[in-house]
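File shown: structure-v8.cif. Contents: mmCIF, C-alpha atoms.
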```
data_start
loop_
_atom_site.label_atom_id
_atom_site.label_comp_id
_atom_site.auth_asym_id
_atom_site.auth_seq_id
_atom_site.Cartn_x
_atom_site.Cartn_y
_atom_site.Cartn_z
CA MET A 1 24.93 29.49 16.49
CA ASP A 2 22.82 29.42 19.64
CA LYS A 3 19.38 28.13 18.75
CA ILE A 4 18.05 27.81 22.29
CA ARG A 5 15.22 30.14 23.31
CA THR A 6 12.63 30.23 26.10
CA ILE A 7 9.16 28.90 25.31
CA ASP A 8 7.86 32.47 25.31
CA GLU A 9 10.59 33.69 22.92
CA ALA A 10 9.98 30.69 20.63
CA ALA A 11 6.22 31.35 20.53
CA SER A 12 6.93 35.00 19.60
CA TYR A 13 7.93 33.92 16.09
CA ILE A 14 4.28 33.09 15.43
CA LYS A 15 2.18 36.03 14.24
CA ASP A 16 -1.52 36.46 13.49
CA GLY A 17 -2.55 35.02 10.13
CA MET A 18 0.43 32.70 9.66
CA THR A 19 0.26 29.12 8.40
CA VAL A 20 1.63 26.78 11.06
CA ALA A 21 2.39 23.07 10.65
CA VAL A 22 2.32 21.06 13.87
CA GLY A 23 3.64 17.54 14.42
CA GLY A 24 1.74 14.92 16.37
CA PHE A 25 -1.00 12.36 16.00
CA ILE A 26 -4.07 12.90 18.20
CA GLY A 27 -1.74 14.70 20.59
CA ALA A 28 1.08 12.13 20.72
CA GLY A 29 4.26 13.92 19.63
CA THR A 30 2.78 17.43 19.85
CA PRO A 31 4.69 20.32 21.52
CA GLU A 32 2.16 21.09 24.27
CA LYS A 33 4.12 23.96 25.85
CA LEU A 34 4.36 25.82 22.54
CA ILE A 35 0.66 25.19 21.92
CA ASP A 36 -0.16 26.74 25.32
CA ALA A 37 2.24 29.69 24.80
CA VAL A 38 0.59 30.59 21.49
CA ILE A 39 -2.81 30.58 23.22
CA ALA A 40 -1.45 32.74 26.08
CA LYS A 41 -0.17 35.32 23.58
CA GLY A 42 -3.66 35.69 22.12
CA ILE A 43 -2.53 34.86 18.59
CA LYS A 44 -5.42 34.63 16.12
CA ASP A 45 -6.36 33.66 12.62
CA LEU A 46 -3.77 30.91 12.09
CA THR A 47 -4.07 28.33 9.35
CA LEU A 48 -3.16 24.96 10.87
CA ILE A 49 -1.63 22.02 9.01
CA CYS A 50 -1.78 18.94 11.22
CA ASN A 51 -2.95 15.34 11.03
CA ASP A 52 -5.99 15.95 13.23
CA THR A 53 -7.43 18.28 15.88
CA ALA A 54 -6.73 15.89 18.80
CA PHE A 55 -8.98 16.29 21.83
CA PRO A 56 -10.48 19.57 23.17
CA ASP A 57 -7.98 19.57 26.07
CA LYS A 58 -4.96 18.15 24.22
CA GLY A 59 -2.53 19.25 21.50
CA VAL A 60 -3.84 21.50 18.71
CA GLY A 61 -7.36 20.72 19.95
CA LYS A 62 -6.76 23.54 22.43
CA TRP A 63 -6.17 25.95 19.52
CA VAL A 64 -9.61 25.11 18.15
CA VAL A 65 -11.30 25.58 21.54
CA ASN A 66 -9.45 28.89 22.13
CA ARG A 67 -10.10 30.11 18.56
CA VAL A 68 -6.46 30.50 17.62
CA VAL A 69 -7.19 28.97 14.22
CA SER A 70 -9.59 30.13 11.52
CA ARG A 71 -8.67 27.51 8.93
CA ILE A 72 -7.37 23.95 9.29
CA ILE A 73 -5.98 21.42 6.83
CA VAL A 74 -6.26 18.00 8.50
CA SER A 75 -7.24 14.39 7.87
CA HIS A 76 -9.43 13.82 10.90
CA ILE A 77 -11.55 15.90 13.30
CA GLY A 78 -13.63 13.12 14.88
CA THR A 79 -11.92 13.14 18.30
CA ASN A 80 -12.65 16.84 18.88
CA PRO A 81 -16.39 17.69 18.88
CA GLU A 82 -15.61 21.43 19.06
CA THR A 83 -14.01 21.31 15.59
CA GLY A 84 -17.18 19.88 14.06
CA ARG A 85 -19.33 22.37 15.93
CA GLN A 86 -17.32 25.38 14.70
CA MET A 87 -17.24 23.94 11.18
CA ASN A 88 -21.02 23.45 11.08
CA ALA A 89 -21.55 26.96 12.50
CA GLY A 90 -19.42 28.41 9.71
CA GLU A 91 -16.82 29.70 12.19
CA LEU A 92 -13.93 27.48 11.08
CA LYS A 93 -12.84 26.54 7.57
CA VAL A 94 -11.94 22.85 7.40
CA GLU A 95 -10.13 21.23 4.48
CA LEU A 96 -10.14 17.45 4.91
CA VAL A 97 -7.23 15.65 3.25
CA PRO A 98 -6.63 11.87 3.24
CA GLN A 99 -3.89 11.13 5.76
CA GLY A 100 -1.39 9.63 3.34
CA THR A 101 -2.00 12.45 0.87
CA LEU A 102 -1.43 15.01 3.64
CA ALA A 103 1.89 13.37 4.52
CA GLU A 104 3.01 13.34 0.88
CA ARG A 105 1.87 16.93 0.18
CA VAL A 106 4.01 18.13 3.10
CA ARG A 107 6.87 15.89 2.00
CA ALA A 108 6.60 17.26 -1.55
CA ALA A 109 6.92 20.84 -0.27
CA GLY A 110 9.95 19.89 1.81
CA ALA A 111 11.55 17.88 -0.98
CA GLY A 112 11.17 20.49 -3.70
CA LEU A 113 8.66 18.46 -5.69
CA GLY A 114 5.88 20.05 -7.73
CA GLY A 115 3.29 17.66 -6.33
CA ILE A 116 2.57 13.97 -6.05
CA LEU A 117 0.37 11.51 -7.94
CA THR A 118 -1.87 9.22 -5.91
CA ARG A 119 -4.82 6.94 -6.52
CA THR A 120 -6.23 7.82 -3.10
CA GLY A 121 -9.43 9.79 -3.52
CA ILE A 122 -10.19 8.75 -7.12
CA GLY A 123 -13.96 8.38 -7.49
CA THR A 124 -14.64 10.37 -4.29
CA VAL A 125 -15.29 14.03 -3.39
CA VAL A 126 -11.53 14.40 -2.86
CA GLU A 127 -10.97 14.43 -6.64
CA GLU A 128 -13.25 17.45 -7.20
CA GLY A 129 -11.40 20.30 -8.91
CA LYS A 130 -8.14 18.35 -9.20
CA GLU A 131 -6.18 17.43 -12.28
CA LYS A 132 -6.04 13.73 -13.18
CA ILE A 133 -2.94 12.32 -14.82
CA THR A 134 -2.71 8.86 -16.39
CA VAL A 135 0.61 7.03 -16.10
CA ASN A 136 1.03 3.59 -17.68
CA GLY A 137 -2.73 3.26 -17.96
CA ILE A 138 -3.44 4.07 -14.30
CA GLU A 139 -5.28 7.23 -13.35
CA TYR A 140 -3.89 9.35 -10.52
CA LEU A 141 -4.83 12.59 -8.77
CA LEU A 142 -2.32 15.41 -8.81
CA GLU A 143 -1.97 16.64 -5.22
CA LEU A 144 -0.04 19.86 -4.65
CA PRO A 145 2.71 20.68 -2.13
CA LEU A 146 1.71 22.07 1.26
CA LYS A 147 4.07 24.49 2.96
CA ALA A 148 3.94 26.44 6.22
CA ASP A 149 5.46 29.66 7.56
CA VAL A 150 6.39 27.97 10.84
CA ALA A 151 6.60 24.32 11.92
CA LEU A 152 6.26 23.29 15.56
CA LEU A 153 7.79 19.93 16.44
CA LYS A 154 8.14 17.78 19.53
CA GLY A 155 11.47 16.01 19.93
CA SER A 156 12.27 13.41 22.56
CA ILE A 157 16.00 14.12 22.58
CA VAL A 158 17.45 17.19 20.86
CA ASP A 159 21.11 18.18 20.84
CA LYS A 160 22.17 21.82 21.00
CA LYS A 161 22.75 21.89 17.24
CA GLY A 162 19.13 20.84 16.67
CA ASN A 163 19.49 17.18 15.74
CA ILE A 164 16.30 15.37 16.76
CA TYR A 165 15.48 11.86 17.95
CA TYR A 166 11.81 10.90 18.32
CA LYS A 167 10.76 8.15 20.71
CA LYS A 168 8.35 5.40 19.68
CA ALA A 169 5.09 6.59 18.09
CA THR A 170 5.80 10.31 18.63
CA ARG A 171 7.63 10.54 15.28
CA ASN A 172 4.56 10.50 13.00
CA PHE A 173 4.34 13.84 11.10
CA ASN A 174 7.22 15.57 12.94
CA PRO A 175 10.07 14.77 10.50
CA LEU A 176 7.85 15.80 7.56
CA MET A 177 6.76 19.12 9.08
CA ALA A 178 10.44 19.83 9.82
CA THR A 179 11.20 20.02 6.10
CA ALA A 180 8.28 22.16 4.92
CA ALA A 181 8.35 25.49 6.78
CA ASP A 182 10.36 28.70 6.59
CA LEU A 183 11.05 28.55 10.34
CA VAL A 184 11.22 25.34 12.38
CA ILE A 185 10.88 25.29 16.17
CA VAL A 186 11.39 22.12 18.20
CA GLU A 187 10.18 21.67 21.75
CA ALA A 188 12.55 19.20 23.36
CA GLU A 189 11.69 16.72 26.07
CA LYS A 190 15.41 16.59 26.79
CA ILE A 191 18.27 18.76 25.48
CA VAL A 192 21.75 17.19 25.31
CA GLU A 193 25.20 18.44 24.38
CA VAL A 194 26.44 18.16 20.80
CA GLY A 195 27.96 14.71 20.40
CA GLU A 196 25.73 12.98 22.92
CA LEU A 197 23.20 11.99 20.25
CA ASP A 198 24.61 9.22 18.07
CA PRO A 199 24.47 10.48 14.43
CA THR A 200 22.96 7.11 13.52
CA ASP A 201 19.94 7.87 15.73
CA VAL A 202 19.25 11.33 14.28
CA MET A 203 15.83 11.38 12.59
CA THR A 204 15.69 15.08 11.74
CA PRO A 205 19.10 16.57 10.88
CA SER A 206 19.97 19.85 12.63
CA ILE A 207 20.01 21.89 9.41
CA PHE A 208 16.21 21.85 9.37
CA VAL A 209 15.90 23.29 12.89
CA ASP A 210 16.08 27.03 13.64
CA VAL A 211 14.93 27.24 17.25
CA ILE A 212 15.19 24.84 20.19
CA THR A 213 13.10 25.27 23.32
CA GLN A 214 12.11 23.20 26.30
CA MET B 1 -30.54 -15.82 11.20
CA ILE B 2 -28.56 -15.01 14.32
CA GLN B 3 -30.39 -12.72 16.75
CA ASP B 4 -27.93 -12.27 19.62
CA LYS B 5 -25.83 -9.12 19.20
CA ASP B 6 -22.67 -10.56 20.79
CA ARG B 7 -22.94 -13.77 18.76
CA LYS B 8 -23.29 -11.71 15.56
CA ARG B 9 -20.02 -9.89 16.30
CA GLU B 10 -18.25 -13.09 17.22
CA VAL B 11 -19.31 -14.75 13.95
CA ILE B 12 -18.15 -11.77 11.89
CA VAL B 13 -14.72 -11.32 13.49
CA LYS B 14 -14.00 -15.07 13.69
CA ARG B 15 -14.79 -15.46 10.00
CA VAL B 16 -12.67 -12.42 9.04
CA ALA B 17 -9.76 -13.85 11.05
CA GLN B 18 -9.86 -16.98 8.87
CA GLU B 19 -8.98 -14.84 5.85
CA LEU B 20 -5.58 -13.95 7.31
CA LYS B 21 -2.49 -15.86 6.18
CA ASP B 22 0.77 -16.54 7.96
CA GLY B 23 3.11 -13.57 7.56
CA ASP B 24 0.39 -11.09 6.61
CA LEU B 25 0.69 -7.40 7.51
CA VAL B 26 -2.83 -6.31 8.48
CA ASN B 27 -4.50 -3.01 9.37
CA LEU B 28 -7.62 -3.32 11.52
CA GLY B 29 -10.02 -0.36 11.52
CA ILE B 30 -11.36 1.21 14.70
CA GLY B 31 -14.32 -0.56 16.34
CA MET B 32 -15.38 -4.12 15.54
CA PRO B 33 -12.41 -4.85 13.20
CA THR B 34 -9.98 -4.55 16.15
CA LEU B 35 -11.66 -7.63 17.69
CA VAL B 36 -10.32 -9.74 14.79
CA ALA B 37 -6.97 -9.74 16.60
CA ASN B 38 -8.52 -11.92 19.34
CA TYR B 39 -9.37 -14.74 16.90
CA ILE B 40 -6.21 -15.25 14.83
CA PRO B 41 -6.10 -19.01 14.05
CA GLU B 42 -3.37 -21.04 15.72
CA GLY B 43 -0.15 -21.27 13.73
CA ILE B 44 -0.87 -18.02 11.91
CA ASP B 45 1.60 -15.26 12.72
CA ILE B 46 0.59 -11.79 11.55
CA LEU B 47 1.80 -8.25 12.19
CA LEU B 48 -0.65 -5.42 12.77
CA HIS B 49 -0.05 -2.03 11.16
CA SER B 50 -1.00 1.14 13.03
CA GLU B 51 -1.24 4.08 10.62
CA ASN B 52 0.11 6.62 13.13
CA GLY B 53 3.50 5.02 12.55
CA PHE B 54 4.34 1.47 13.50
CA ILE B 55 3.99 -2.20 12.73
CA GLY B 56 3.66 -4.69 15.54
CA LEU B 57 0.65 -3.16 17.28
CA GLY B 58 0.13 -5.10 20.50
CA PRO B 59 -2.68 -5.53 23.01
CA ASN B 60 -4.09 -2.65 25.06
CA PRO B 61 -1.88 -2.05 28.11
CA GLU B 62 -3.17 -2.78 31.60
CA PRO B 63 -4.34 0.28 33.55
CA GLY B 64 -1.30 1.99 35.07
CA LYS B 65 1.08 0.52 32.48
CA GLU B 66 0.27 2.94 29.64
CA ASP B 67 3.19 4.53 27.77
CA PRO B 68 2.23 8.06 26.59
CA ASP B 69 4.59 7.64 23.60
CA ILE B 70 2.69 4.62 22.28
CA VAL B 71 -0.86 5.26 21.11
CA ASN B 72 -2.90 3.58 18.40
CA ALA B 73 -4.52 5.27 15.40
CA GLY B 74 -7.46 6.21 17.62
CA GLY B 75 -5.15 8.09 19.97
CA LEU B 76 -5.64 5.55 22.78
CA PRO B 77 -2.87 3.88 24.83
CA SER B 78 -1.43 0.89 23.03
CA SER B 79 1.65 -1.34 22.95
CA VAL B 80 4.21 -2.71 20.54
CA VAL B 81 5.16 -6.39 20.23
CA PRO B 82 8.80 -7.61 20.17
CA GLY B 83 10.04 -7.27 16.59
CA GLY B 84 7.86 -4.25 15.90
CA ALA B 85 9.09 -1.06 14.22
CA PHE B 86 8.26 2.65 14.53
CA PHE B 87 8.45 5.07 11.60
CA ASP B 88 7.09 8.39 10.34
CA SER B 89 3.81 9.03 8.54
CA ALA B 90 5.36 9.01 5.06
CA MET B 91 6.70 5.48 5.67
CA SER B 92 3.38 4.45 7.19
CA PHE B 93 1.53 5.37 3.99
CA THR B 94 4.31 4.10 1.75
CA ILE B 95 3.47 0.74 3.31
CA ILE B 96 -0.26 1.26 2.77
CA ARG B 97 -0.26 2.64 -0.78
CA GLY B 98 2.79 0.86 -2.09
CA GLY B 99 1.25 -2.61 -2.01
CA HIS B 100 3.03 -3.70 1.18
CA LEU B 101 -0.11 -4.03 3.30
CA ASP B 102 -1.70 -7.43 2.70
CA VAL B 103 -5.11 -6.83 4.24
CA THR B 104 -7.20 -3.98 5.61
CA VAL B 105 -10.38 -4.70 7.57
CA LEU B 106 -12.89 -1.86 7.91
CA GLY B 107 -16.49 -1.27 8.82
CA ALA B 108 -18.96 0.25 6.35
CA LEU B 109 -22.00 2.45 6.26
CA GLN B 110 -22.75 1.18 2.75
CA VAL B 111 -21.10 -1.08 0.22
CA ASP B 112 -22.39 -1.80 -3.28
CA GLN B 113 -22.26 -4.41 -6.02
CA GLU B 114 -19.44 -2.59 -7.83
CA GLY B 115 -17.23 -2.81 -4.75
CA ASN B 116 -17.72 0.85 -3.86
CA LEU B 117 -17.45 1.69 -0.19
CA ALA B 118 -18.96 4.52 1.88
CA ASN B 119 -17.75 4.68 5.45
CA TRP B 120 -16.40 8.13 6.23
CA MET B 121 -19.24 10.62 6.38
CA ILE B 122 -22.97 11.27 6.49
CA PRO B 123 -23.49 14.78 5.07
CA GLY B 124 -24.96 17.10 7.67
CA LYS B 125 -24.67 14.52 10.44
CA MET B 126 -21.29 12.91 10.85
CA VAL B 127 -18.14 14.39 9.30
CA PRO B 128 -15.17 13.01 11.25
CA GLY B 129 -12.78 13.18 8.28
CA MET B 130 -11.41 10.27 6.30
CA GLY B 131 -8.21 9.92 8.32
CA GLY B 132 -6.28 7.08 6.68
CA ALA B 133 -9.35 5.23 5.39
CA MET B 134 -9.15 6.40 1.76
CA ASP B 135 -5.47 5.45 1.51
CA LEU B 136 -6.10 2.09 3.18
CA VAL B 137 -8.93 1.13 0.85
CA ALA B 138 -7.17 2.37 -2.29
CA GLY B 139 -3.82 0.87 -1.31
CA ALA B 140 -4.26 -2.42 0.55
CA ARG B 141 -3.88 -5.61 -1.47
CA LYS B 142 -7.10 -6.99 -0.03
CA VAL B 143 -10.00 -4.96 1.37
CA ILE B 144 -12.34 -6.82 3.72
CA ILE B 145 -15.52 -5.18 5.00
CA SER B 146 -16.71 -6.47 8.36
CA MET B 147 -20.14 -5.25 9.39
CA GLU B 148 -23.63 -6.21 10.43
CA HIS B 149 -25.62 -7.08 7.32
CA THR B 150 -28.28 -4.42 7.94
CA ALA B 151 -28.64 -1.19 9.93
CA LYS B 152 -31.87 -1.32 11.98
CA GLY B 153 -33.25 -3.72 9.37
CA ALA B 154 -32.33 -1.57 6.37
CA PRO B 155 -29.92 -3.12 3.82
CA LYS B 156 -26.33 -1.82 3.78
CA ILE B 157 -25.31 -3.86 0.74
CA LEU B 158 -26.80 -1.82 -2.08
CA LYS B 159 -27.01 -1.65 -5.86
CA LYS B 160 -25.35 1.77 -5.62
CA CYS B 161 -23.99 3.63 -2.59
CA ASN B 162 -25.70 7.00 -2.06
CA LEU B 163 -23.39 8.30 0.68
CA PRO B 164 -20.03 9.93 -0.25
CA LEU B 165 -17.56 7.21 -1.25
CA THR B 166 -14.36 6.30 0.55
CA ALA B 167 -13.09 4.59 -2.59
CA ALA B 168 -14.54 3.29 -5.85
CA GLY B 169 -14.37 -0.38 -6.79
CA GLU B 170 -11.80 -1.43 -4.19
CA VAL B 171 -13.75 -3.83 -1.91
CA ASP B 172 -12.83 -7.52 -2.27
CA LEU B 173 -14.82 -9.32 0.41
CA ILE B 174 -17.82 -8.58 2.65
CA VAL B 175 -18.21 -10.54 5.88
CA THR B 176 -21.43 -10.02 7.85
CA ASP B 177 -23.46 -11.78 10.54
CA MET B 178 -25.45 -13.42 7.71
CA ALA B 179 -23.04 -14.14 4.88
CA VAL B 180 -19.68 -14.04 3.16
CA ILE B 181 -19.90 -12.22 -0.17
CA GLU B 182 -17.12 -11.84 -2.73
CA VAL B 183 -16.98 -8.84 -5.04
CA THR B 184 -16.33 -10.26 -8.53
CA PRO B 185 -16.27 -8.67 -12.00
CA LYS B 186 -19.70 -10.29 -12.59
CA GLY B 187 -21.17 -8.93 -9.36
CA LEU B 188 -21.61 -10.03 -5.77
CA LEU B 189 -21.09 -13.75 -5.20
CA LEU B 190 -22.69 -15.28 -2.11
CA THR B 191 -20.19 -17.96 -1.06
CA GLU B 192 -21.07 -18.70 2.58
CA LEU B 193 -24.03 -18.45 4.91
CA ALA B 194 -23.75 -17.80 8.64
CA PRO B 195 -25.03 -20.58 10.90
CA GLU B 196 -28.83 -20.62 11.32
CA THR B 197 -29.22 -18.46 8.19
CA THR B 198 -31.02 -19.19 4.90
CA VAL B 199 -30.36 -17.91 1.36
CA GLU B 200 -33.82 -16.29 1.37
CA GLU B 201 -33.01 -14.36 4.52
CA VAL B 202 -29.79 -13.05 2.97
CA ILE B 203 -31.53 -12.06 -0.28
CA ASN B 204 -34.29 -10.26 1.68
CA ALA B 205 -31.70 -8.32 3.72
CA THR B 206 -29.66 -7.31 0.65
CA GLU B 207 -30.64 -4.67 -1.90
CA ALA B 208 -27.89 -5.61 -4.38
CA GLU B 209 -28.24 -8.51 -6.79
CA LEU B 210 -26.58 -11.66 -5.46
CA ILE B 211 -25.12 -14.50 -7.49
CA ILE B 212 -25.48 -17.70 -5.45
CA SER B 213 -22.32 -19.80 -5.52
CA GLU B 214 -22.74 -23.36 -6.78
CA ASP B 215 -20.43 -24.27 -3.93
CA LEU B 216 -22.38 -22.44 -1.19
CA LYS B 217 -21.11 -23.34 2.27
CA VAL B 218 -21.90 -22.60 5.90
CA MET B 219 -19.29 -20.54 7.77
CA ASN B 220 -17.04 -22.62 9.96
CA VAL B 221 -17.34 -20.47 13.07
#
```
Is it possible to express this structure as structure tokens?
Amino acid sequence: MDKIRTIDEAASYIKDGMTVAVGGFIGAGTPEKLIDAVIAKGIKDLTLICNDTAFPDKGVGKWVVNRVVSRIIVSHIGTNPETGRQMNAGELKVELVPQGTLAERVRAAGAGLGGILTRTGIGTVVEEGKEKITVNGIEYLLELPLKADVALLKGSIVDKKGNIYYKKATRNFNPLMATAADLVIVEAEKIVEVGELDPTDVMTPSIFVDVITQ
Amino acid sequence: MIQDKDRKREVIVKRVAQELKDGDLVNLGIGMPTLVANYIPEGIDILLHSENGFIGLGPNPEPGKEDPDIVNAGGLPSSVVPGGAFFDSAMSFTIIRGGHLDVTVLGALQVDQEGNLANWMIPGKMVPGMGGAMDLVAGARKVIISMEHTAKGAPKILKKCNLPLTAAGEVDLIVTDMAVIEVTPKGLLLTELAPETTVEEVINATEAELIISEDLKVMNV
């Protein structure tokens, strides 16, 4: 099965109004070419699941500036002043989620779990409207799975089957997003033949990946 | 009390560094807490945790030697020390929430006598998002607040926080330019004074009730 597509073909899978999960942490490990291609296509009204909104000129920060997104589910917006401005002006819906809870909600969706229990957020605004469950005398918040229509990943080395290796600190949310979307697209820094990536080094197995681009 | 701004910072971060034990895994918050790394006592070997996905956070790289694949939790160029390890965000927060992180050091907007902490937003003014702060404070084995004792003269150590909380009842120790204060089940215990600082000055700069330790010391900084 040939999974390799051009950047433009890969970006064509994203349609107005979809929920898109994007890997990366303040831009490190984000598929910049796919980000730019989605902007170029004039796609609108996306819901974004990502750790943060990076910087105005980097990563998904560019989606905020170019108004590709109308709703975002993130842990941090402090490095992108445009996000705060749009939020305060009522132009962008922002759901702030503690970073570890965000990771586990995505993992839960990808792992077929009905949710996760965490103490993070107890006694804060994060607990508002959420069910509390006591286990062995300790109170936890029930946090629900978070799933996307499409996930966009950045891989350092990707083989033609779709196995992914992430270098250094670019891994972050990428392996989690890979598990929790109907369609998974990886932008590769380098594409290699099947067999060139040692199976021991594979961090996202190929079965999660539908489309490879570069 | 200490007047010089730089000396205040030095006193705070030096005193926080003395809390760290050999072998500790430590997360230092953005801003003043990062300076703690410069004052680790001799013979103490610690590892720094970076919540974007590694342990073994090293010093800032020299200009021109930045690696775009290694950034810190603030998104800025960073480095990894020999023996470090990279991982994904689920592992990063498994470490934080699972009781594997010995110490987290964070700044505060407000902290109160029940150990509540507010440091992530000022409604209508500053809403950067909590990032990893809520997980860090709820999950770390020891939570140390490092901050100036007051903000423009107004107390930051209160009877009750009135800003949105980061976590309830999780703070263990408060280190400021005036004092070291332990959060105990009976309330806030003043255990150390900064150099050139009196008990009266600390009480006047603190809204919360303070219990004065019978063994009150002066910080060794």
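Using all atoms listed in the file, the contacts of segment 132-147 of chain B at a cut-off of 7 Å, with sequence neighbours closer than 5 positions omitted, comprise Pro98, Gln99, Gly100, Arg119, Thr120 and Gly121 of chain A; Ile12, Pro33, Ile96, Arg97, Gly98, Gly99, Leu101, Asp102, Val103, Thr104, Val105, Leu106, Gly107, Ala108, Thr166, Ala167, Glu170, Val171, Asp172, Leu173, Ile174, Val175 and Thr176 of chain B.
Across B:Gln18, B:Asn220, B:Pro164, B:Gly129, the tightest approach to Glu95 of chain A is made by B:Gly129 when counting only C-alpha atoms.
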| task | Would you kindly report the residues of chain A within 8 Å of chain B, using only C-alpha atoms, as a ChimeraX atom specification? | result | /A:25-29,75-79,84,96-101,103-104,107,119-125,167-176
| Do you have the atom CA of Val218 of chain B-atom CA of Met32 of chain B distance handy? | 21.8 Å
| Could you write out as a PyMOL selection string the residues that the PyMOL selection byres ((chain B and resi 48) around 9) matches in the shown file? | chain B and resi 24-28+37+46-47+49-50+54-58
| request: Can you work out the spacing between atom CA of Glu207 of chain B and atom CA of Leu20 of chain B in Å, to one decimal? | output: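 Separation of atom CA of Glu207 of chain B and atom CA of Leu20 of chain B: 28.3 Å.
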| Could you name the residues that touch Gly114 of chain A at 9 Å or less, counting all atoms listed in the file, but leaving out those on the same chain fewer than 2 positions away, as a ChimeraX atom specification? | /A:108-109,112,116,143-145
| said: Can you spell out as number ranges by chain the set of residues that the PyMOL selection byres ((chain A and resi 82) around 8) selects in the structure I just provided? | reply: A: 56, 64-65, 80-81, 83-86
| Near Val150 of chain A, counting all atoms listed in the file, which residues have an atom at most 12 Å away, once you skip same-chain residues fewer than 4 positions from it, shown as a ChimeraX atom specification? | /A:10-23,46-49,177-186,208-211
| query | Using only C-alpha atoms, which of the listed residues (B:Met219, B:Ala17, B:Leu117, B:Ile122) sits closest to Val183 of chain B? | reply |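 Under the stated criterion, the closest residue is B:Leu117.
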| query | Which residues come within 7 Å of Val94 of chain A, counting all atoms listed in the file, excluding same-chain residues fewer than 6 positions away, as JSON, numbers by chain? | reply | {"A": [71, 72, 73, 87]}
| task | Give as a PyMOL selection string the residues that the PyMOL selection byres ((chain A and resi 158) around 10) matches when applied to the coordinates above. | result | chain A and resi 154-157+159-166+186-194+196-197+202+204+206+212-214
Write a file of the selected residues as a compact mmCIF listing (two decimals), in the coordinates of the input, keeping C-alpha atoms.
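Output saved as again36.txt:
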```txt
# COMPACT_ATOMS: atom_id res chain seq x y z
CA LYS A 154 8.14 17.78 19.53
CA GLY A 155 11.47 16.01 19.93
CA SER A 156 12.27 13.41 22.56
CA ILE A 157 16.00 14.12 22.58
CA ASP A 159 21.11 18.18 20.84
CA LYS A 160 22.17 21.82 21.00
CA LYS A 161 22.75 21.89 17.24
CA GLY A 162 19.13 20.84 16.67
CA ASN A 163 19.49 17.18 15.74
CA ILE A 164 16.30 15.37 16.76
CA TYR A 165 15.48 11.86 17.95
CA TYR A 166 11.81 10.90 18.32
CA VAL A 186 11.39 22.12 18.20
CA GLU A 187 10.18 21.67 21.75
CA ALA A 188 12.55 19.20 23.36
CA GLU A 189 11.69 16.72 26.07
CA LYS A 190 15.41 16.59 26.79
CA ILE A 191 18.27 18.76 25.48
CA VAL A 192 21.75 17.19 25.31
CA GLU A 193 25.20 18.44 24.38
CA VAL A 194 26.44 18.16 20.80
CA GLU A 196 25.73 12.98 22.92
CA LEU A 197 23.20 11.99 20.25
CA VAL A 202 19.25 11.33 14.28
CA THR A 204 15.69 15.08 11.74
CA SER A 206 19.97 19.85 12.63
CA ILE A 212 15.19 24.84 20.19
CA THR A 213 13.10 25.27 23.32
CA GLN A 214 12.11 23.20 26.30
```
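Shortest atom-to-atom contact with Pro41 of chain B among B:Ile212, B:Gly64, B:Arg15, B:Ala194: B:Arg15, counting only C-alpha atoms.
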| Two-atom distance - atom CA of Pro59 of chain B, atom CA of Leu35 of chain B (Å) | 10.6 Å
| said: For Lys14 of chain B, find every residue with an atom within 8 Å (counting only C-alpha atoms), except residues of its own chain fewer than 5 positions away, and show them as a ChimeraX atom specification. | reply: /B:36,39-40,221
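The closest residue to Thr150 of chain B, picked from B:Trp120, B:Thr34, B:Gln113, B:Asn204 and counting only C-alpha atoms, is B:Asn204.
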